[in-house]
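Dumped target05.txt below, it's compact mmCIF, C-alpha atoms:
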# COMPACT_ATOMS: atom_id res chain seq x y z
CA MET W 20 0.00 0.00 0.00
CA GLY W 21 1.14 3.54 -0.75
CA GLN W 22 1.61 6.38 1.65
CA LYS W 23 -1.59 7.72 3.26
CA ASN W 24 -2.38 11.30 4.25
CA PHE W 25 -4.28 11.32 7.54
CA VAL W 26 -6.04 14.50 8.70
CA LEU W 27 -6.87 14.37 12.41
CA ASP W 28 -10.05 15.68 14.04
CA THR W 29 -9.96 17.19 17.51
CA ASN W 30 -11.83 14.32 19.17
CA VAL W 31 -9.24 11.76 18.04
CA LEU W 32 -6.41 13.78 19.59
CA ILE W 33 -8.36 14.13 22.82
CA GLU W 34 -9.16 10.43 23.01
CA ASN W 35 -5.56 9.42 22.44
CA PRO W 36 -2.80 11.95 21.68
CA LYS W 37 -0.49 9.07 20.77
CA CYS W 38 -2.64 8.42 17.69
CA ILE W 39 -0.19 10.66 15.78
CA ALA W 40 2.63 8.12 16.08
CA THR W 41 0.31 5.14 15.66
CA LEU W 42 -1.23 6.40 12.40
CA ARG W 43 2.14 7.50 11.02
CA ASN W 44 3.46 3.96 11.60
CA GLY W 45 7.10 4.94 11.53
CA VAL W 46 7.48 7.01 8.36
CA GLU W 47 4.93 5.09 6.32
CA ASN W 48 2.16 7.74 6.41
CA LYS W 49 1.84 11.51 6.77
CA ILE W 50 -0.13 13.28 9.49
CA HIS W 51 -1.88 16.64 9.03
CA ILE W 52 -3.66 18.88 11.55
CA PRO W 53 -6.26 21.45 10.39
CA TYR W 54 -5.73 24.95 11.77
CA THR W 55 -9.26 24.81 13.20
CA VAL W 56 -8.20 21.86 15.36
CA LEU W 57 -5.52 24.05 16.95
CA THR W 58 -8.12 26.71 17.77
CA GLU W 59 -10.35 24.02 19.30
CA LEU W 60 -7.47 22.71 21.43
CA ASP W 61 -6.80 26.27 22.55
CA LYS W 62 -10.39 26.57 23.78
CA LEU W 63 -10.22 23.23 25.59
CA LYS W 64 -6.89 23.75 27.37
CA ARG W 65 -8.59 25.40 30.36
CA ASP W 66 -11.30 22.76 30.65
CA PRO W 67 -10.54 20.90 33.91
CA ARG W 68 -11.90 17.66 32.48
CA VAL W 69 -9.57 17.43 29.48
CA GLY W 70 -6.99 20.21 29.95
CA HIS W 71 -4.25 17.74 30.92
CA ILE W 72 -4.92 15.66 27.79
CA VAL W 73 -4.88 18.79 25.60
CA ALA W 74 -1.48 19.69 27.07
CA GLN W 75 -0.17 16.25 26.13
CA ALA W 76 -1.52 16.55 22.58
CA VAL W 77 -0.08 20.06 22.12
CA LYS W 78 3.33 18.91 23.35
CA LEU W 79 3.35 16.05 20.84
CA ILE W 80 2.34 18.39 18.00
CA LEU W 81 4.93 20.99 19.00
CA ASN W 82 7.80 18.48 19.08
CA ASP W 83 6.85 16.62 15.90
CA ASP W 84 8.91 17.82 12.93
CA LEU W 85 7.20 15.39 10.53
CA LEU W 86 3.68 16.62 11.21
CA THR W 87 2.05 19.27 9.02
CA VAL W 88 -0.39 21.93 10.27
CA PHE W 89 -2.57 23.55 7.62
CA ARG W 90 -1.76 27.20 7.05
CA PRO W 91 -4.19 29.62 8.75
CA GLU W 92 -4.93 31.87 5.76
CA PHE W 93 -7.81 29.77 4.37
CA ALA W 94 -9.22 28.80 7.79
CA GLU W 95 -9.44 32.44 8.84
CA THR W 96 -11.70 33.22 5.87
CA LEU W 97 -14.28 30.62 6.93
CA THR W 98 -17.40 31.85 8.69
CA ASP W 99 -19.10 28.51 9.31
CA GLY W 100 -20.80 28.20 12.67
CA THR W 101 -19.29 24.84 13.63
CA ALA W 102 -15.70 23.72 13.91
CA ASP W 103 -16.64 20.48 12.15
CA ASP W 104 -17.68 22.33 8.99
CA ARG W 105 -14.48 24.38 9.01
CA ILE W 106 -12.37 21.22 9.44
CA LEU W 107 -14.18 19.64 6.49
CA LYS W 108 -13.58 22.66 4.24
CA GLU W 109 -9.93 22.92 5.27
CA THR W 110 -9.44 19.25 4.43
CA PHE W 111 -11.38 19.48 1.16
CA HIS W 112 -9.45 22.55 -0.05
CA SER W 113 -6.03 21.30 1.07
CA GLU W 114 -3.48 20.48 -1.57
CA ILE W 115 -2.62 17.09 -0.13
CA GLU W 116 -3.34 14.04 -2.24
CA GLU W 117 -6.31 11.88 -1.26
CA PRO W 118 -6.69 13.11 2.35
CA ILE W 119 -8.29 10.73 4.85
CA LEU W 120 -10.15 12.46 7.65
CA VAL W 121 -9.80 10.54 10.92
CA THR W 122 -12.70 11.20 13.30
CA ASN W 123 -14.95 9.30 15.68
CA ASP W 124 -17.75 11.85 15.22
CA ARG W 125 -20.47 9.98 13.28
CA ILE W 126 -22.12 13.18 12.03
CA LEU W 127 -18.79 14.45 10.75
CA GLN W 128 -18.27 11.12 9.00
CA ILE W 129 -21.61 11.59 7.19
CA LYS W 130 -20.71 15.16 6.24
CA ALA W 131 -17.34 13.99 4.91
CA GLY W 132 -19.21 11.68 2.53
CA LEU W 133 -21.08 14.69 1.12
CA TYR W 134 -17.70 16.21 0.25
CA ASN W 135 -16.54 12.90 -1.23
CA LEU W 136 -13.80 12.82 1.37
CA LYS W 137 -12.43 9.53 2.58
CA CYS W 138 -13.08 9.10 6.30
CA GLU W 139 -12.01 6.62 8.98
CA GLY W 140 -12.73 6.20 12.67
CA TYR W 141 -9.87 5.74 15.09
CA LYS W 142 -10.57 2.55 17.00
CA ASP W 143 -7.43 2.32 19.13
CA SER W 144 -8.87 4.56 21.83
CA ASN W 145 -6.57 4.70 24.85
CA PRO W 146 -7.94 7.16 27.40
CA PHE W 147 -5.48 9.15 29.48
CA ARG W 148 -4.32 7.42 32.64
CA SER W 149 -2.71 9.19 35.57
CA ASP W 150 0.48 8.09 37.35
CA SER W 151 -1.65 6.63 40.14
CA GLN W 152 -3.36 4.40 37.57
CA LEU W 153 -0.32 3.57 35.45
CA TYR W 154 1.77 2.42 38.41
CA THR W 155 -0.36 -0.34 39.88
CA GLY W 156 2.09 -1.39 42.59
CA PHE W 157 3.08 -4.41 40.51
CA ILE W 158 6.06 -4.92 38.21
CA GLU W 159 6.39 -7.35 35.33
CA GLU W 160 8.94 -10.13 35.00
CA GLY W 161 12.25 -8.64 33.91
CA GLU W 162 11.48 -5.16 35.24
CA ALA W 163 13.72 -3.66 37.90
CA PRO W 164 11.94 -3.74 41.29
CA ILE W 165 10.44 -0.55 42.69
CA THR W 166 10.74 -0.28 46.47
CA ASN W 167 7.68 -1.76 48.21
CA CYS W 168 6.13 -3.24 45.07
CA PHE W 169 4.75 -6.67 44.22
CA ARG W 170 5.51 -9.14 41.44
CA TRP W 171 3.67 -12.30 40.50
CA GLU W 172 5.95 -15.34 40.63
CA ASN W 173 4.44 -18.76 39.94
CA GLY W 174 1.00 -17.42 40.72
CA THR W 175 2.00 -16.00 44.11
CA PRO W 176 2.64 -12.32 44.88
CA ILE W 177 6.15 -11.51 46.08
CA PHE W 178 6.67 -8.31 48.07
CA TYR W 179 9.85 -6.38 47.26
CA GLY W 180 10.49 -4.38 50.41
CA ALA W 181 13.37 -2.10 51.29
CA ASP W 182 14.91 -4.84 53.44
CA GLY W 183 14.28 -7.82 51.18
CA ASN W 184 11.64 -9.95 49.49
CA LYS W 185 8.92 -12.13 50.93
CA GLN W 186 6.16 -14.33 49.60
CA ILE W 187 2.62 -13.26 50.55
CA SER W 188 1.07 -16.70 50.91
CA TYR W 189 -0.99 -15.84 53.99
CA THR W 190 -4.32 -14.03 54.39
CA HIS W 191 -4.80 -11.15 56.81
CA ASN W 192 -7.66 -10.98 59.28
CA VAL W 193 -7.90 -7.42 60.58
CA TRP W 194 -10.52 -6.39 63.13
CA GLY W 195 -12.74 -9.22 61.97
CA VAL W 196 -12.31 -8.23 58.32
CA LYS W 197 -11.17 -10.89 55.88
CA PRO W 198 -10.10 -9.64 52.44
CA ARG W 199 -12.52 -10.55 49.67
CA ASN W 200 -9.77 -10.97 47.09
CA ILE W 201 -6.00 -11.10 46.82
CA TYR W 202 -5.70 -7.38 46.03
CA GLN W 203 -7.48 -6.41 49.24
CA ASN W 204 -5.10 -8.74 51.08
CA LEU W 205 -2.09 -7.01 49.53
CA ALA W 206 -3.52 -3.59 50.38
CA LEU W 207 -3.71 -4.72 54.00
CA GLU W 208 -0.13 -5.95 53.74
CA LEU W 209 0.98 -2.41 52.89
CA MET W 210 -1.24 -0.70 55.47
CA LEU W 211 0.01 -2.94 58.29
CA ASN W 212 3.70 -2.87 57.35
CA ASN W 213 5.66 -1.22 60.18
CA ASP W 214 8.34 0.02 57.80
CA ILE W 215 5.95 1.88 55.49
CA ASN W 216 4.71 5.16 56.94
CA LEU W 217 2.80 6.43 53.89
CA VAL W 218 0.50 4.28 51.75
CA SER W 219 -1.67 5.40 48.84
CA ILE W 220 -4.47 3.31 47.35
CA GLN W 221 -6.08 4.08 43.99
CA SER W 222 -9.39 2.50 43.03
CA GLU W 223 -12.85 3.40 41.88
CA ALA W 224 -15.73 3.26 44.33
CA GLY W 225 -16.76 -0.15 45.54
CA TYR W 226 -13.44 -1.92 46.04
CA GLY W 227 -13.36 -1.38 49.80
CA LYS W 228 -10.38 0.94 50.26
CA THR W 229 -12.01 3.07 53.00
CA PHE W 230 -13.29 0.01 54.87
CA LEU W 231 -9.86 -1.63 54.77
CA ALA W 232 -8.16 1.59 55.92
CA LEU W 233 -10.56 1.95 58.86
CA ALA W 234 -10.10 -1.68 59.86
CA SER W 235 -6.32 -1.28 59.73
CA ALA W 236 -6.49 1.94 61.74
CA LEU W 237 -8.60 0.35 64.49
CA TYR W 238 -6.28 -2.64 64.65
CA LEU W 239 -3.14 -0.52 64.86
CA ALA W 240 -4.52 2.02 67.32
CA LEU W 241 -6.61 -0.21 69.59
CA GLU W 242 -5.27 -3.76 69.39
CA LYS W 243 -1.68 -4.04 68.19
CA LYS W 244 0.79 -3.68 71.02
CA ASP W 245 4.13 -1.86 70.97
CA ASN W 246 3.14 0.88 68.55
CA PRO W 247 2.93 4.64 69.07
CA TYR W 248 -0.58 5.22 67.66
CA GLU W 249 -2.87 6.91 70.19
CA LYS W 250 -5.56 8.34 67.89
CA VAL W 251 -7.11 8.06 64.43
CA TYR W 252 -7.80 11.12 62.29
CA LEU W 253 -9.90 10.87 59.17
CA VAL W 254 -9.40 13.85 56.89
CA LYS W 255 -11.62 14.63 53.96
CA PRO W 256 -11.42 17.51 51.47
CA ILE W 257 -14.89 19.02 51.40
CA TRP W 258 -14.37 21.73 48.83
CA GLU W 259 -18.02 21.59 47.78
CA ILE W 260 -19.17 22.92 51.16
CA GLY W 261 -17.15 26.11 50.77
CA ALA W 262 -18.71 29.04 52.62
CA LYS W 263 -21.92 27.08 53.12
CA MET W 264 -20.31 24.96 55.82
CA GLY W 265 -20.46 27.87 58.24
CA PHE W 266 -24.25 27.97 57.96
CA LEU W 267 -24.70 24.34 58.97
CA PRO W 268 -25.68 23.90 62.64
CA GLY W 269 -23.49 22.30 65.29
CA ASN W 270 -19.80 21.66 65.85
CA VAL W 271 -17.27 20.61 63.22
CA GLU W 272 -18.27 16.93 63.34
CA GLU W 273 -21.96 17.81 63.03
CA LYS W 274 -21.30 20.24 60.18
CA MET W 275 -19.44 17.52 58.27
CA GLN W 276 -21.99 14.80 58.99
CA PRO W 277 -23.86 15.09 55.65
CA TYR W 278 -20.57 14.48 53.84
CA THR W 279 -19.08 11.83 56.11
CA ARG W 280 -22.09 9.71 57.05
CA TYR W 281 -20.61 6.72 55.22
CA ILE W 282 -17.50 6.90 57.45
CA LYS W 283 -19.59 6.51 60.59
CA ASP W 284 -21.60 3.70 58.97
CA LEU W 285 -18.39 1.81 58.19
CA ALA W 286 -17.01 2.42 61.69
CA VAL W 287 -20.23 1.15 63.26
CA LYS W 288 -20.10 -1.91 61.02
CA LEU W 289 -16.57 -2.65 62.22
CA HIS W 290 -17.65 -2.04 65.83
CA GLU W 291 -20.46 -4.56 65.43
CA GLN W 292 -18.00 -7.12 64.07
CA ARG W 293 -15.61 -6.51 66.95
CA PRO W 294 -16.23 -3.94 69.71
CA ALA W 295 -14.29 -0.70 69.31
CA ASN W 296 -15.67 0.91 72.45
CA ARG W 297 -12.91 3.46 72.86
CA ILE W 298 -13.70 5.31 69.63
CA PHE W 299 -17.31 6.02 70.71
CA LEU W 300 -18.58 8.16 73.59
CA ASP W 301 -21.74 6.12 74.23
CA ASN W 302 -21.70 2.51 73.12
CA ASP W 303 -25.26 1.85 74.24
CA SER W 304 -26.75 4.58 72.11
CA ASP W 305 -28.31 4.16 68.70
CA GLN W 306 -26.73 7.50 67.77
CA TYR W 307 -23.04 6.70 68.00
CA ARG W 308 -20.82 9.73 68.59
CA PHE W 309 -17.09 9.55 68.12
CA ASN W 310 -14.82 10.03 71.10
CA GLN W 311 -12.62 12.80 69.74
CA LYS W 312 -9.76 11.74 71.98
CA LYS W 313 -9.54 8.55 69.95
CA PHE W 314 -11.24 9.16 66.57
CA GLU W 315 -11.84 12.49 64.87
CA ILE W 316 -13.11 13.49 61.44
CA LEU W 317 -11.76 16.83 60.27
CA PRO W 318 -11.67 18.99 57.14
CA ILE W 319 -8.19 19.57 55.75
CA ALA W 320 -8.15 23.21 56.86
CA TYR W 321 -8.02 22.08 60.51
CA ILE W 322 -5.18 19.58 59.99
CA ARG W 323 -2.98 22.13 58.25
CA GLY W 324 -2.82 24.15 61.47
CA MET W 325 -1.90 21.17 63.68
CA ASN W 326 1.21 19.20 64.53
CA LEU W 327 0.46 15.50 64.33
CA ASP W 328 2.34 12.88 66.36
CA ASN W 329 1.64 9.29 67.37
CA CYS W 330 -1.49 8.85 65.28
CA ILE W 331 -2.95 7.29 62.17
CA VAL W 332 -4.21 9.66 59.51
CA ILE W 333 -6.60 8.49 56.80
CA ILE W 334 -6.97 10.95 53.93
CA ASP W 335 -10.08 10.09 51.95
CA GLU W 336 -10.69 11.33 48.39
CA MET W 337 -7.19 12.74 48.11
CA GLN W 338 -7.77 13.38 44.39
CA ASN W 339 -9.81 16.42 45.43
CA MET W 340 -6.83 18.01 47.16
CA SER W 341 -4.35 20.24 45.35
CA ARG W 342 -0.62 19.58 45.30
CA ALA W 343 -0.07 22.51 47.67
CA GLU W 344 -2.72 21.24 50.09
CA VAL W 345 -1.17 17.77 50.15
CA ARG W 346 2.30 19.17 50.75
CA ALA W 347 1.05 21.47 53.53
CA MET W 348 -0.77 18.59 55.16
CA LEU W 349 1.91 15.90 54.93
CA THR W 350 4.52 18.29 56.33
CA ARG W 351 2.44 18.58 59.55
CA MET W 352 3.12 14.91 60.32
CA GLY W 353 5.75 14.27 62.97
CA GLU W 354 7.00 11.20 64.84
CA GLY W 355 4.96 8.03 65.04
CA VAL W 356 2.51 8.80 62.23
CA LYS W 357 1.16 6.39 59.63
CA CYS W 358 -0.79 7.99 56.79
CA LEU W 359 -3.20 6.12 54.50
CA CYS W 360 -4.12 8.08 51.35
CA LEU W 361 -7.20 6.96 49.42
CA GLY W 362 -8.72 8.15 46.18
CA ASP W 363 -9.57 7.74 42.53
CA THR W 364 -8.03 10.18 40.04
CA ARG W 365 -10.85 9.39 37.58
CA GLN W 366 -13.34 10.96 39.99
CA VAL W 367 -12.01 14.49 40.48
CA ASP W 368 -14.86 16.69 41.70
CA ASN W 369 -12.82 19.79 42.49
CA PRO W 370 -13.32 22.09 39.46
CA TYR W 371 -9.79 23.48 39.80
CA LEU W 372 -8.10 20.08 39.53
CA ASN W 373 -7.99 17.31 36.92
CA GLU W 374 -6.97 13.69 36.45
CA SER W 375 -3.29 14.57 36.28
CA ASN W 376 -3.06 17.64 38.49
CA ASN W 377 -4.36 16.46 41.87
CA GLY W 378 -2.93 15.54 45.25
CA LEU W 379 -3.09 11.75 44.90
CA ASN W 380 -1.37 11.76 41.54
CA TRP W 381 1.39 14.09 42.76
CA VAL W 382 2.09 11.82 45.73
CA VAL W 383 2.58 8.81 43.44
CA LYS W 384 4.66 10.79 40.95
CA LYS W 385 7.02 12.29 43.52
CA LEU W 386 7.29 9.60 46.22
CA LYS W 387 7.37 6.36 44.21
CA ASN W 388 10.43 4.22 45.05
CA ASN W 389 10.87 5.78 48.50
CA LYS W 390 11.54 3.12 51.13
CA GLU W 391 8.86 4.48 53.49
CA TYR W 392 6.16 4.79 50.80
CA ALA W 393 4.03 2.29 48.89
CA HIS W 394 1.23 2.54 46.35
CA MET W 395 -1.11 0.10 44.69
CA VAL W 396 -4.21 0.01 42.53
CA LEU W 397 -6.95 -1.93 44.28
CA LYS W 398 -9.00 -4.12 41.99
CA GLY W 399 -10.76 -7.45 41.85
CA GLU W 400 -14.19 -8.94 41.26
CA LYS W 401 -15.74 -8.76 44.73
CA SER W 402 -16.64 -5.45 46.29
CA ARG W 403 -19.66 -4.04 48.17
CA GLY W 404 -22.21 -6.47 46.82
CA PRO W 405 -23.68 -8.08 43.69
CA ILE W 406 -25.02 -4.85 42.14
CA THR W 407 -21.69 -3.04 42.56
CA ASP W 408 -19.86 -6.10 41.22
CA MET W 409 -22.14 -6.19 38.17
CA VAL W 410 -21.61 -2.48 37.44
CA ILE W 411 -17.83 -2.68 37.80
CA LYS W 412 -17.57 -5.85 35.71
CA SER W 413 -19.70 -4.38 32.93
CA GLY W 414 -17.65 -1.18 32.75
CA LEU W 415 -20.81 0.95 33.06

Could you write out this file's structure as structure tokens?
Amino acid sequence: MGQKNFVLDTNVLIENPKCIATLRNGVENKIHIPYTVLTELDKLKRDPRVGHIVAQAVKLILNDDLLTVFRPEFAETLTDGTADDRILKETFHSEIEEPILVTNDRILQIKAGLYNLKCEGYKDSNPFRSDSQLYTGFIEEGEAPITNCFRWENGTPIFYGADGNKQISYTHNVWGVKPRNIYQNLALELMLNNDINLVSIQSEAGYGKTFLALASALYLALEKKDNPYEKVYLVKPIWEIGAKMGFLPGNVEEKMQPYTRYIKDLAVKLHEQRPANRIFLDNDSDQYRFNQKKFEILPIAYIRGMNLDNCIVIIDEMQNMSRAEVRAMLTRMGEGVKCLCLGDTRQVDNPYLNESNNGLNWVVKKLKNNKEYAHMVLKGEKSRGPITDMVIKSGL
């Protein structure tokens, strides 16, 4: 087959910026970008949902000497209302031989047919993945070990710690909680490791990361002997409350209750499995209240003004914290602190952050391979229950 001239639509670049190299296939084909696509990327670069992907696409275009961008003179004369129509006209009036418009927009594909333009969809969609998703906590055979990672060897996970390797052939039982799959067991292995002070867990909702962290915290603070942990803090970024939080009645715990109800439900569930009397003020009451000397839920603003020693800190939904907030918070942690960071970089709710630029992702990017830090992606088939399992398995 002869050389092909591919013209890329904006949506293809957003879905997978690496499509440029894939479609070029070495030097076999030529890649062209309409000027209108650049203007569309410029509009999207401030969109918190895709801005990080746009930056990746722009960088690839900027550093690609083999790629051709259509000259702006013709595009600037177009007055069409939609970018799609301008892209079509730029492609149709280009001087390249037999251009092939690559787009996954079905309407644009139909319009291309009206111009007698060849058109193809780009099927190798590879959505952007953050560092916290790319580094799963596992390495492949032949890869150099990363400190505190796992590798499958003969069907068994091997832990590569700072002081040596060990086979994880046992199953943890923590505060009456038995892991529902091998990944939950390995998450517990990291959370309970005395040599690892900071653990981050990435997973979508339903894989049990908060429940496992709470079970580990209760075990370490209330049951395990010879450790310095006197209290558990659970910290949650509640950016969506903003100024409204001040109008909610009650103290800090009561103000946060609408946003942290699930934490109390999980703690009560653990308490029912195995009594955790010291974390509650009144164990006979139907309305459990936390004993703030032993267990306290706080917004991040409170933690940043404290010095933390001899405690366990669980940071939930860390993807909704900024890099500066994470740094300010982690630098408050003194002697005898274990910190468990939980989140999902695919579920960034903070409008000022995105899948790449968020606290959880920065922690993985900057701290990976440190002997006192470990990260893993929690996955598996079993989670909260059959409906959750069905949704996760289907990819809904």

Smallest atom-to-atom distance to Thr122 of chain W: which of W:Phe178, W:His71, W:Val31, W:Thr96, using all atoms listed in the file? W:Val31

Can you tell me which residues surround Ala240 of chain W at a distance of at most 7 Å, considering all atoms listed in the file, apart from same-chain residues fewer than 4 positions away, and format the answer as a PyMOL selection string? chain W and resi 236+248-250

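Of the residues under consideration (W:Glu172, W:Glu315, W:Asp328, W:Asp83), W:Asp328 shows the shortest atom-to-atom contact distance to Pro247 of chain W when counting all atoms listed in the file.
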
Counting only C-alpha atoms, figure out which residue out of W:Glu223, W:Glu34, W:Glu92, W:Asp182 gets nearest to Val410 of chain W. W:Glu223

Point (4.5, 17.3, 17.8) neighbourhood (12 Å, all atoms listed in the file) written as a list in words: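 Within 12 Å of (4.5, 17.3, 17.8), the protein and nucleic acid residues are Leu32, Pro36, Lys37, Cys38, Ile39, Ala40, Ile50, His51, Ile52, Ala74, Gln75, Ala76, Val77, Lys78, Leu79, Ile80, Leu81, Asn82, Asp83, Asp84, Leu85, Leu86, Thr87 and Val88 of chain W.
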
To one decimal in Å, tell me the separation between atom CA of Leu153 of chain W and atom CA of Ile406 of chain W. 26.9 Å

Tell me which protein, DNA and RNA residues are within 8 Å of Arg351 of chain W, counting all atoms listed in the file, leaving out same-chain ones fewer than 3 positions away, and put them as a list in words.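 In the requested form, the answer reads Ile322, Arg323, Gly324, Met325, Asn326, Leu327, Ala347 and Met348 of chain W.
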
Residues of the last selection are to be written out with C-alpha atoms, as a tab-separated table (two decimals), keeping the file's coordinate frame.
chain	number	residue	atom	x	y	z
W	322	ILE	CA	-5.18	19.58	59.99
W	323	ARG	CA	-2.98	22.13	58.25
W	324	GLY	CA	-2.82	24.15	61.47
W	325	MET	CA	-1.90	21.17	63.68
W	326	ASN	CA	1.21	19.20	64.53
W	327	LEU	CA	0.46	15.50	64.33
W	347	ALA	CA	1.05	21.47	53.53
W	348	MET	CA	-0.77	18.59	55.16

Atom CA of Val56 of chain W to atom CA of Val26 of chain W measures 10.2 Å
